[in-house]
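Source file: input-v3.tsv. Holds: TSV, C-alpha atoms and all ligand atoms.
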```
chain	number	residue	atom	x	y	z
A	1	MET	CA	-28.58	31.63	46.38
A	2	ASN	CA	-26.78	34.02	44.11
A	3	LEU	CA	-26.39	33.48	40.38
A	4	GLY	CA	-23.00	31.75	40.68
A	5	GLU	CA	-24.27	29.28	43.23
A	6	ILE	CA	-27.38	28.55	41.18
A	7	GLY	CA	-25.18	27.90	38.14
A	8	SER	CA	-22.83	25.46	39.83
A	9	SER	CA	-25.50	23.50	41.67
A	10	ALA	CA	-27.62	23.23	38.50
A	11	ARG	CA	-24.68	22.01	36.41
A	12	GLU	CA	-23.73	19.43	38.98
A	13	ALA	CA	-27.31	18.18	39.20
A	14	ILE	CA	-27.58	17.86	35.43
A	15	ASN	CA	-24.28	16.02	35.14
A	16	SER	CA	-25.21	13.45	37.76
A	17	ALA	CA	-28.79	12.90	36.60
A	18	THR	CA	-29.40	9.37	35.30
A	19	THR	CA	-33.03	9.46	34.14
A	20	ARG	CA	-35.36	11.62	32.06
A	21	GLU	CA	-37.49	12.23	35.13
A	22	ALA	CA	-34.56	13.51	37.14
A	23	LEU	CA	-33.70	15.94	34.35
A	24	GLU	CA	-37.29	17.16	34.17
A	25	GLN	CA	-37.24	17.72	37.92
A	26	ILE	CA	-34.04	19.74	37.64
A	27	ARG	CA	-35.61	21.83	34.90
A	28	LEU	CA	-38.56	22.61	37.16
A	29	ASN	CA	-36.28	23.40	40.11
A	30	TYR	CA	-34.28	25.99	38.21
A	31	LEU	CA	-36.27	27.07	35.17
A	32	GLY	CA	-39.87	26.22	36.13
A	33	ARG	CA	-42.44	28.81	37.15
A	34	LYS	CA	-41.15	28.80	40.69
A	35	GLY	CA	-37.58	27.82	39.78
A	36	GLU	CA	-34.54	29.40	41.36
A	37	LEU	CA	-33.35	31.10	38.21
A	38	THR	CA	-36.86	32.18	37.26
A	39	GLU	CA	-37.17	33.91	40.64
A	40	ILE	CA	-34.06	35.91	39.94
A	41	LEU	CA	-35.21	36.87	36.46
A	42	ARG	CA	-38.56	37.93	37.90
A	43	SER	CA	-36.96	40.05	40.63
A	44	LEU	CA	-34.88	42.01	38.14
A	45	LYS	CA	-37.54	44.67	37.66
A	46	GLU	CA	-37.16	45.75	41.29
A	47	LEU	CA	-33.47	46.56	40.76
A	48	PRO	CA	-31.99	49.90	39.76
A	49	VAL	CA	-31.39	50.18	36.00
A	50	GLU	CA	-27.59	49.68	36.12
A	51	GLU	CA	-27.73	46.52	38.28
A	52	ARG	CA	-30.66	45.20	36.27
A	53	ARG	CA	-28.65	45.41	33.07
A	54	VAL	CA	-25.64	43.52	34.43
A	55	LEU	CA	-27.47	40.85	36.40
A	56	GLY	CA	-30.12	40.50	33.70
A	57	SER	CA	-27.65	39.58	30.99
A	58	GLU	CA	-25.71	37.19	33.27
A	59	ALA	CA	-28.93	35.46	34.29
A	60	ASN	CA	-30.04	35.07	30.71
A	61	VAL	CA	-26.68	33.60	29.66
A	62	LEU	CA	-27.03	31.05	32.46
A	63	ARG	CA	-30.62	30.27	31.42
A	64	VAL	CA	-29.55	29.49	27.86
A	65	GLU	CA	-26.63	27.38	29.06
A	66	LEU	CA	-28.82	25.29	31.39
A	67	GLU	CA	-31.51	24.83	28.72
A	68	ASN	CA	-28.89	23.54	26.29
A	69	MET	CA	-27.34	21.20	28.83
A	70	LEU	CA	-30.75	19.79	29.71
A	71	ALA	CA	-31.71	19.29	26.08
A	72	ASP	CA	-28.41	17.58	25.25
A	73	LYS	CA	-28.51	15.23	28.16
A	74	THR	CA	-32.23	14.43	27.72
A	75	ALA	CA	-31.43	13.33	24.18
A	76	ASN	CA	-29.27	10.54	25.64
A	77	PHE	CA	-32.35	8.81	26.98
A	78	GLY	CA	-35.00	7.07	24.88
A	79	GLU	CA	-38.74	7.52	25.35
A	80	ALA	CA	-38.82	4.70	27.85
A	81	GLY	CA	-36.01	6.33	29.79
A	82	GLU	CA	-33.35	3.84	28.78
A	83	MET	CA	-29.85	5.09	28.02
A	84	VAL	CA	-29.38	5.40	24.23
A	85	ALA	CA	-25.93	6.87	24.29
A	86	ASP	CA	-23.51	6.99	27.13
A	87	ILE	CA	-21.56	10.18	26.68
A	88	THR	CA	-19.22	9.18	29.47
A	89	ALA	CA	-18.17	5.92	27.75
A	90	PRO	CA	-14.66	5.82	26.31
A	91	GLY	CA	-14.59	6.59	22.57
A	92	LYS	CA	-14.42	3.77	20.02
A	93	LYS	CA	-11.13	3.62	18.21
A	94	VAL	CA	-11.59	3.92	14.46
A	95	SER	CA	-9.38	1.32	12.84
A	96	ARG	CA	-7.90	2.39	9.55
A	97	GLY	CA	-6.69	0.01	6.90
A	98	HIS	CA	-3.24	0.04	5.35
A	99	LEU	CA	-1.48	-1.27	2.28
A	100	HIS	CA	-0.64	-4.96	2.01
A	101	PRO	CA	3.11	-5.38	2.59
A	102	LEU	CA	3.63	-6.48	-1.02
A	103	SER	CA	1.78	-3.43	-2.41
A	104	ARG	CA	3.87	-1.29	-0.13
A	105	VAL	CA	7.17	-2.83	-1.26
A	106	MET	CA	6.11	-2.57	-4.91
A	107	ALA	CA	5.24	1.10	-4.48
A	108	ASP	CA	8.44	1.84	-2.54
A	109	ALA	CA	10.63	0.08	-5.10
A	110	SER	CA	8.92	1.86	-8.02
A	111	LYS	CA	9.39	5.18	-6.28
A	112	ILE	CA	13.11	4.63	-5.78
A	113	PHE	CA	13.57	3.88	-9.49
A	114	ALA	CA	11.38	6.83	-10.44
A	115	GLY	CA	13.78	8.92	-8.35
A	116	MET	CA	16.59	7.70	-10.63
A	117	ASN	CA	14.66	8.82	-13.71
A	118	PHE	CA	13.01	5.49	-14.61
A	119	SER	CA	9.44	5.60	-15.93
A	120	VAL	CA	6.95	3.23	-14.32
A	121	VAL	CA	4.81	1.27	-16.81
A	122	THR	CA	2.59	-1.81	-16.51
A	123	GLY	CA	1.42	-4.59	-18.83
A	124	PRO	CA	-1.11	-7.43	-19.10
A	125	GLU	CA	-1.12	-10.48	-16.82
A	126	ALA	CA	-2.59	-12.69	-19.56
A	127	GLU	CA	0.11	-12.73	-22.25
A	128	THR	CA	0.72	-14.18	-25.66
A	129	GLU	CA	3.24	-16.93	-26.18
A	130	TYR	CA	5.15	-14.52	-28.39
A	131	TYR	CA	5.85	-11.85	-25.78
A	132	ASN	CA	6.36	-14.21	-22.88
A	133	PHE	CA	8.74	-16.54	-24.74
A	134	ASP	CA	9.55	-16.19	-28.47
A	135	ALA	CA	10.46	-12.50	-28.48
A	136	LEU	CA	12.71	-13.18	-25.51
A	137	ASN	CA	14.73	-15.67	-27.52
A	138	ILE	CA	12.99	-18.69	-26.00
A	139	PRO	CA	11.63	-20.62	-29.03
A	140	ALA	CA	9.11	-23.44	-28.73
A	141	ASN	CA	10.69	-26.81	-27.94
A	142	HIS	CA	13.83	-25.11	-26.69
A	143	PRO	CA	14.92	-26.59	-23.34
A	144	ALA	CA	15.07	-23.05	-21.89
A	145	ARG	CA	11.27	-23.03	-21.75
A	146	GLU	CA	11.55	-25.53	-18.95
A	147	MET	CA	12.86	-22.71	-16.73
A	148	TRP	CA	9.28	-21.44	-16.46
A	149	ASP	CA	6.42	-23.70	-15.44
A	150	THR	CA	3.53	-22.20	-17.30
A	151	PHE	CA	-0.20	-21.86	-16.82
A	152	TRP	CA	-1.53	-22.08	-20.37
A	153	LEU	CA	-4.96	-20.62	-20.99
A	154	LYS	CA	-7.64	-22.41	-22.98
A	155	SER	CA	-7.62	-20.77	-26.36
A	156	GLY	CA	-10.76	-18.97	-27.43
A	157	LYS	CA	-12.22	-18.96	-30.94
A	158	GLY	CA	-10.65	-15.83	-32.41
A	159	ASP	CA	-7.27	-16.27	-30.66
A	160	LYS	CA	-4.44	-16.14	-33.13
A	161	GLN	CA	-1.92	-17.16	-30.50
A	162	LYS	CA	-1.58	-19.38	-27.50
A	163	MET	CA	-2.28	-17.38	-24.34
A	164	LEU	CA	-0.84	-17.90	-20.88
A	165	LEU	CA	-0.50	-16.24	-17.50
A	166	ARG	CA	2.80	-14.41	-17.72
A	167	THR	CA	5.59	-16.28	-16.00
A	168	HIS	CA	7.63	-13.10	-15.52
A	169	THR	CA	7.39	-9.35	-16.20
A	170	SER	CA	9.97	-9.62	-19.01
A	171	PRO	CA	7.36	-9.67	-21.83
A	172	MET	CA	6.96	-5.95	-21.18
A	173	GLN	CA	10.51	-5.44	-22.46
A	174	MET	CA	9.36	-6.16	-26.01
A	175	ARG	CA	5.97	-4.52	-25.67
A	176	PHE	CA	7.68	-1.31	-24.61
A	177	MET	CA	10.55	-1.44	-27.14
A	178	GLU	CA	8.15	-1.91	-30.05
A	179	LYS	CA	6.52	1.40	-29.24
A	180	SER	CA	9.57	3.43	-28.19
A	181	THR	CA	12.77	4.93	-29.45
A	182	PRO	CA	15.81	4.72	-27.17
A	183	PRO	CA	17.33	6.02	-25.00
A	184	PHE	CA	14.90	5.20	-22.19
A	185	GLN	CA	14.74	3.51	-18.83
A	186	ILE	CA	11.64	1.85	-17.40
A	187	VAL	CA	10.50	-0.33	-14.52
A	188	VAL	CA	7.46	-2.62	-14.69
A	189	PRO	CA	5.92	-3.79	-11.42
A	190	GLY	CA	3.44	-6.64	-11.73
A	191	ARG	CA	2.00	-10.00	-10.85
A	192	CYS	CA	3.38	-13.23	-12.29
A	193	PHE	CA	2.29	-16.85	-12.23
A	194	ARG	CA	4.08	-20.19	-12.24
A	195	TYR	CA	2.67	-23.66	-12.26
A	196	GLU	CA	4.82	-25.10	-9.54
A	197	ALA	CA	4.76	-26.64	-6.09
A	198	THR	CA	4.76	-24.08	-3.29
A	199	ASP	CA	7.27	-23.94	-0.47
A	200	MET	CA	8.57	-21.26	1.85
A	201	SER	CA	10.15	-19.28	-0.99
A	202	HIS	CA	7.90	-20.23	-3.96
A	203	GLU	CA	4.29	-19.40	-4.68
A	204	VAL	CA	2.17	-20.04	-7.79
A	205	ASN	CA	1.60	-16.31	-7.90
A	206	PHE	CA	4.13	-13.68	-6.96
A	207	TYR	CA	5.29	-10.21	-7.92
A	208	GLN	CA	8.26	-8.92	-9.89
A	209	LEU	CA	9.64	-5.58	-10.84
A	210	GLU	CA	11.21	-5.60	-14.28
A	211	GLY	CA	13.79	-3.03	-15.30
A	212	LEU	CA	15.05	-2.08	-18.76
A	213	MET	CA	17.52	0.60	-19.70
A	214	VAL	CA	18.55	1.09	-23.32
A	215	GLY	CA	21.00	3.65	-24.66
A	216	LYS	CA	24.09	4.24	-26.77
A	217	ASP	CA	26.65	2.94	-24.32
A	218	VAL	CA	24.87	1.36	-21.42
A	219	ASN	CA	27.05	-1.28	-19.78
A	220	LEU	CA	27.09	-3.81	-16.95
A	221	GLY	CA	28.85	-1.28	-14.72
A	222	ASN	CA	25.83	1.02	-15.05
A	223	PHE	CA	23.61	-1.88	-14.01
A	224	LYS	CA	25.75	-2.59	-10.97
A	225	PHE	CA	25.66	1.04	-9.91
A	226	ILE	CA	21.89	1.37	-10.30
A	227	ILE	CA	21.21	-1.84	-8.39
A	228	GLU	CA	23.58	-0.92	-5.58
A	229	GLU	CA	21.86	2.46	-5.29
A	230	PHE	CA	18.48	0.77	-5.27
A	231	LEU	CA	19.43	-1.77	-2.60
A	232	LYS	CA	21.01	0.92	-0.40
A	233	LYS	CA	17.87	3.03	-0.60
A	234	PHE	CA	15.44	0.15	-0.22
A	235	PHE	CA	17.19	-1.38	2.79
A	236	VAL	CA	18.09	1.97	4.34
A	237	GLY	CA	19.13	1.50	7.96
A	238	GLN	CA	19.49	-2.28	7.52
A	239	LYS	CA	22.83	-3.98	7.16
A	240	ILE	CA	22.63	-6.19	4.12
A	241	GLU	CA	25.21	-8.11	2.14
A	242	PHE	CA	24.71	-8.84	-1.54
A	243	ARG	CA	26.64	-10.40	-4.40
A	244	PHE	CA	26.50	-10.61	-8.18
A	245	ARG	CA	27.09	-14.01	-9.74
A	246	PRO	CA	27.09	-15.24	-13.35
A	247	SER	CA	23.93	-16.94	-14.56
A	248	TYR	CA	22.00	-17.78	-17.69
A	249	PHE	CA	18.80	-16.42	-19.25
A	250	PRO	CA	18.16	-16.77	-23.01
A	251	PHE	CA	17.34	-13.05	-23.39
A	252	VAL	CA	20.54	-11.64	-21.89
A	253	GLU	CA	24.24	-12.03	-22.52
A	254	PRO	CA	26.04	-12.04	-20.17
A	255	GLY	CA	23.52	-13.02	-17.54
A	256	VAL	CA	23.84	-12.47	-13.80
A	257	GLU	CA	21.94	-13.12	-10.63
A	258	VAL	CA	21.93	-11.02	-7.46
A	259	ASP	CA	21.77	-12.70	-4.08
A	260	ILE	CA	21.21	-11.24	-0.63
A	261	LYS	CA	22.45	-12.85	2.55
A	262	LEU	CA	19.69	-13.73	4.97
A	263	LYS	CA	20.52	-15.47	8.27
A	264	GLY	CA	23.82	-16.71	6.87
A	265	LYS	CA	22.21	-18.06	3.69
A	266	TRP	CA	22.29	-16.53	0.19
A	267	LEU	CA	18.82	-15.90	-1.23
A	268	GLU	CA	18.39	-15.11	-4.91
A	269	ILE	CA	16.46	-11.88	-5.46
A	270	MET	CA	16.93	-11.04	-9.12
A	271	GLY	CA	17.96	-12.19	-12.56
A	272	ALA	CA	19.56	-9.71	-14.91
A	273	GLY	CA	22.03	-9.10	-17.70
A	274	MET	CA	22.80	-7.24	-20.91
A	275	VAL	CA	19.94	-7.37	-23.43
A	276	HIS	CA	20.66	-10.14	-25.99
A	277	PRO	CA	21.26	-8.89	-29.58
A	278	ARG	CA	18.57	-11.32	-30.77
A	279	VAL	CA	16.02	-9.53	-28.56
A	280	PHE	CA	16.98	-6.15	-30.06
A	281	GLU	CA	16.47	-7.66	-33.51
A	282	TYR	CA	12.94	-8.70	-32.57
A	283	ALA	CA	12.35	-5.06	-31.56
A	284	HIS	CA	13.86	-3.83	-34.87
A	285	TYR	CA	16.69	-2.08	-33.06
A	286	ASN	CA	20.13	-2.43	-34.57
A	287	PRO	CA	22.18	-4.27	-31.93
A	288	LYS	CA	25.27	-2.44	-33.21
A	289	ASP	CA	23.68	0.89	-32.26
A	290	TRP	CA	22.03	0.07	-28.96
A	291	GLN	CA	22.98	-1.57	-25.71
A	292	GLY	CA	20.97	-2.13	-22.59
A	293	PHE	CA	20.56	-3.98	-19.36
A	294	ALA	CA	17.45	-5.73	-18.04
A	295	PHE	CA	16.63	-7.12	-14.65
A	296	GLY	CA	13.72	-8.77	-12.87
A	297	VAL	CA	13.64	-8.48	-9.09
A	298	GLY	CA	11.37	-10.58	-6.87
A	299	ILE	CA	9.13	-8.27	-4.85
A	300	ASP	CA	8.14	-11.03	-2.44
A	301	ARG	CA	11.78	-11.83	-1.75
A	302	LEU	CA	12.53	-8.17	-1.07
A	303	ALA	CA	9.59	-8.01	1.34
A	304	MET	CA	10.65	-11.21	3.12
A	305	ILE	CA	14.13	-9.83	3.69
A	306	LYS	CA	13.06	-6.31	4.66
A	307	TYR	CA	10.43	-7.42	7.17
A	308	GLY	CA	11.97	-10.73	8.28
A	309	VAL	CA	9.08	-12.84	6.97
A	310	PRO	CA	10.16	-16.52	6.99
A	311	ASP	CA	7.57	-17.91	4.54
A	312	ILE	CA	6.32	-16.34	1.28
A	313	ARG	CA	2.94	-18.09	1.69
A	314	LEU	CA	2.12	-15.82	4.64
A	315	PHE	CA	1.67	-12.92	2.20
A	316	TYR	CA	-1.19	-14.75	0.50
A	317	SER	CA	-2.76	-16.31	3.57
A	318	GLY	CA	-5.17	-13.45	4.23
A	319	ASP	CA	-4.39	-13.97	7.93
A	320	LEU	CA	-5.13	-10.69	9.70
A	321	ARG	CA	-2.86	-11.57	12.62
A	322	PHE	CA	-0.02	-11.51	10.11
A	323	LEU	CA	-1.17	-8.51	8.07
A	324	LYS	CA	-1.86	-6.29	11.07
A	325	GLN	CA	1.81	-6.31	12.00
A	326	PHE	CA	2.70	-4.02	9.11
B	1	LIG	N1	12.58	-12.86	-16.16
B	1	LIG	C1	13.60	-13.52	-15.38
B	1	LIG	C2	12.92	-14.42	-14.37
B	1	LIG	O1	11.76	-14.33	-14.16
B	1	LIG	C3	14.47	-12.52	-14.67
B	1	LIG	C4	15.26	-11.67	-15.62
B	1	LIG	C5	14.77	-10.45	-16.03
B	1	LIG	C6	16.49	-12.08	-16.07
B	1	LIG	C7	15.51	-9.64	-16.88
B	1	LIG	C8	17.24	-11.29	-16.93
B	1	LIG	C9	16.74	-10.08	-17.35
B	1	LIG	O2	13.57	-15.25	-13.75
```
Using the file provided, produce a representation of the structure as structure tokens.
Amino acid sequence: MNLGEIGSSAREAINSATTREALEQIRLNYLGRKGELTEILRSLKELPVEERRVLGSEANVLRVELENMLADKTANFGEAGEMVADITAPGKKVSRGHLHPLSRVMADASKIFAGMNFSVVTGPEAETEYYNFDALNIPANHPAREMWDTFWLKSGKGDKQKMLLRTHTSPMQMRFMEKSTPPFQIVVPGRCFRYEATDMSHEVNFYQLEGLMVGKDVNLGNFKFIIEEFLKKFFVGQKIEFRFRPSYFPFVEPGVEVDIKLKGKWLEIMGAGMVHPRVFEYAHYNPKDWQGFAFGVGIDRLAMIKYGVPDIRLFYSGDLRFLKQF
């Protein structure tokens, strides 16, 4: 056999070997004291110098290759000869995680507003009564409080105020205004809580994205433009129909709601309006100098419409069959 033949028969033998013993036998056949390759290496000294050089280096390259192949394959078998790794088995697919659809929608929505020069800020989920209600022109005992079914927290010793789980992201309006000088525009993504019965479009916990823009002459037309831009970008490629309709919230005047049509039915996705002068007074802004709009959009509702999810409770079910579809 010449070198080429030795190489191909040795490789084939190694590849089809299925035990440690078989591999050891192959090693002896080719690389042992009387092995085929060893014979060639030994006979080199009888060759003329030129031939010896060429054949010698080719034979040594083959020797190293076969030694490596044997070592690699032998490592697949344990001491007892059992298979410890089957290099011919198909590879295992590594499964990578991904964002929860609500996190994804919240990030996408924030990004679209950031692209329109809004800053993204966040606030606490456990709020004071003042920020969640009073500063938003919703005094205690006022019937408007009934709009939000509230989880009150047990008050601790040093608490100066009643605490609750925020019923909306609107308390961040006041928190931000107290620390800022207009003009500005912000969005606040976050989790909210309501003490209410669940159904296909209500959950005790859900997500909102609050918006607030304050400036010298901000008007409802600006709001309409921004929201239309947002909806166009968020539902890009999807044909959606939406409408603005008058509504009431104690912290805006006038108030509006935005609905989106889903399967022939209008679904409310956001409350909004022009910031109420009383709210500006709480922030120590002169309502004669400043105007602004505020809105709160339901992240869960946006996700339901974008992905065709029929029931909000699916988002919180932890059901992997549902989550893996995203
Ligand atoms: N906070 C209101 C809600 O949760 C929505 C809203 C936000 C309305 C901002 C007007 C202005 O329903």
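Residue nearest Ile40 of chain A, chosen from A:Ile6, A:Ala89, A:Leu70, A:Leu23 and counting all atoms listed in the file: A:Ile6.
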Sorted by chain and rising residue number, which residues of segment 84-103 of chain A lie within 12 Å of segment 202-217 of chain A, and what are their closest atom pairs and distances in Å to one decimal, counting only C-alpha atoms, as CSV?
```
residue,atom,partner,partner_atom,distance
A:Pro101,CA,A:Tyr207,CA,11.8
A:Leu102,CA,A:Tyr207,CA,8.0
A:Ser103,CA,A:Tyr207,CA,9.4
```
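Considering only C-alpha atoms and all ligand atoms, the residues that reside within 8 Å of ligand LIG 1 (chain B) can be listed as Trp148, Thr167, His168, Thr169, Ser170, Gln208, Glu210, Gly211, Leu212, Phe249, Phe251, Val252, Gly255, Val256, Glu257, Met270, Gly271, Ala272, Gly273, Met274, Val275, Phe293, Ala294, Phe295, Gly296 and Val297 of chain A.
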Using only C-alpha atoms, determine which residues lie at most 9 Å from Ala13 of chain A, disregarding the query and same-chain residues fewer than 4 positions distant; provide the list as an NGL selection string.
-> :A and (8-9 or 17 or 22-23 or 26)
Using all atoms listed in the file, can you list as a count of residues only the residues within 12 Å of (-32.8, 15.0, 27.7)?
-> 33
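The residue that comes closest to Glu228 of chain A, out of A:Asp86, A:Leu55, A:Phe113, A:Lys265 and on the basis of all atoms listed in the file, is A:Phe113.
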Which is closest to Met106 of chain A among A:Phe225, A:Phe234, A:Tyr248, A:Tyr130, if we use only C-alpha atoms?
-> A:Phe234
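Across the structure, atom CA of Glu129 of chain A and atom CA of Glu253 of chain A are spaced 21.9 Å apart.
Here atom CA of Glu241 of chain A is placed at a distance of 5.8 Å from atom CA of Ile260 of chain A.
One finds atom CA of Tyr307 of chain A at 20.9 Å from atom CA of Arg96 of chain A.
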Extract, using only C-alpha atoms, all DNA, RNA and protein residues at most 10 Å from Thr150 of chain A, discarding same-chain residues fewer than 3 positions from it, and format them as an mmCIF file with C-alpha atoms, keeping the file's coordinate frame.
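What ended up in out12.cif:
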```cif
data_model
loop_
_atom_site.group_PDB
_atom_site.id
_atom_site.type_symbol
_atom_site.label_atom_id
_atom_site.label_comp_id
_atom_site.auth_asym_id
_atom_site.auth_seq_id
_atom_site.Cartn_x
_atom_site.Cartn_y
_atom_site.Cartn_z
ATOM 1 C CA ARG A 145 11.270 -23.030 -21.750
ATOM 2 C CA GLU A 146 11.550 -25.530 -18.950
ATOM 3 C CA MET A 147 12.860 -22.710 -16.730
ATOM 4 C CA LEU A 153 -4.960 -20.620 -20.990
ATOM 5 C CA LEU A 164 -0.840 -17.900 -20.880
ATOM 6 C CA LEU A 165 -0.500 -16.240 -17.500
ATOM 7 C CA ARG A 166 2.800 -14.410 -17.720
ATOM 8 C CA THR A 167 5.590 -16.280 -16.000
ATOM 9 C CA PHE A 193 2.290 -16.850 -12.230
ATOM 10 C CA ARG A 194 4.080 -20.190 -12.240
ATOM 11 C CA TYR A 195 2.670 -23.660 -12.260
ATOM 12 C CA GLU A 196 4.820 -25.100 -9.540
ATOM 13 C CA VAL A 204 2.170 -20.040 -7.790
#
```
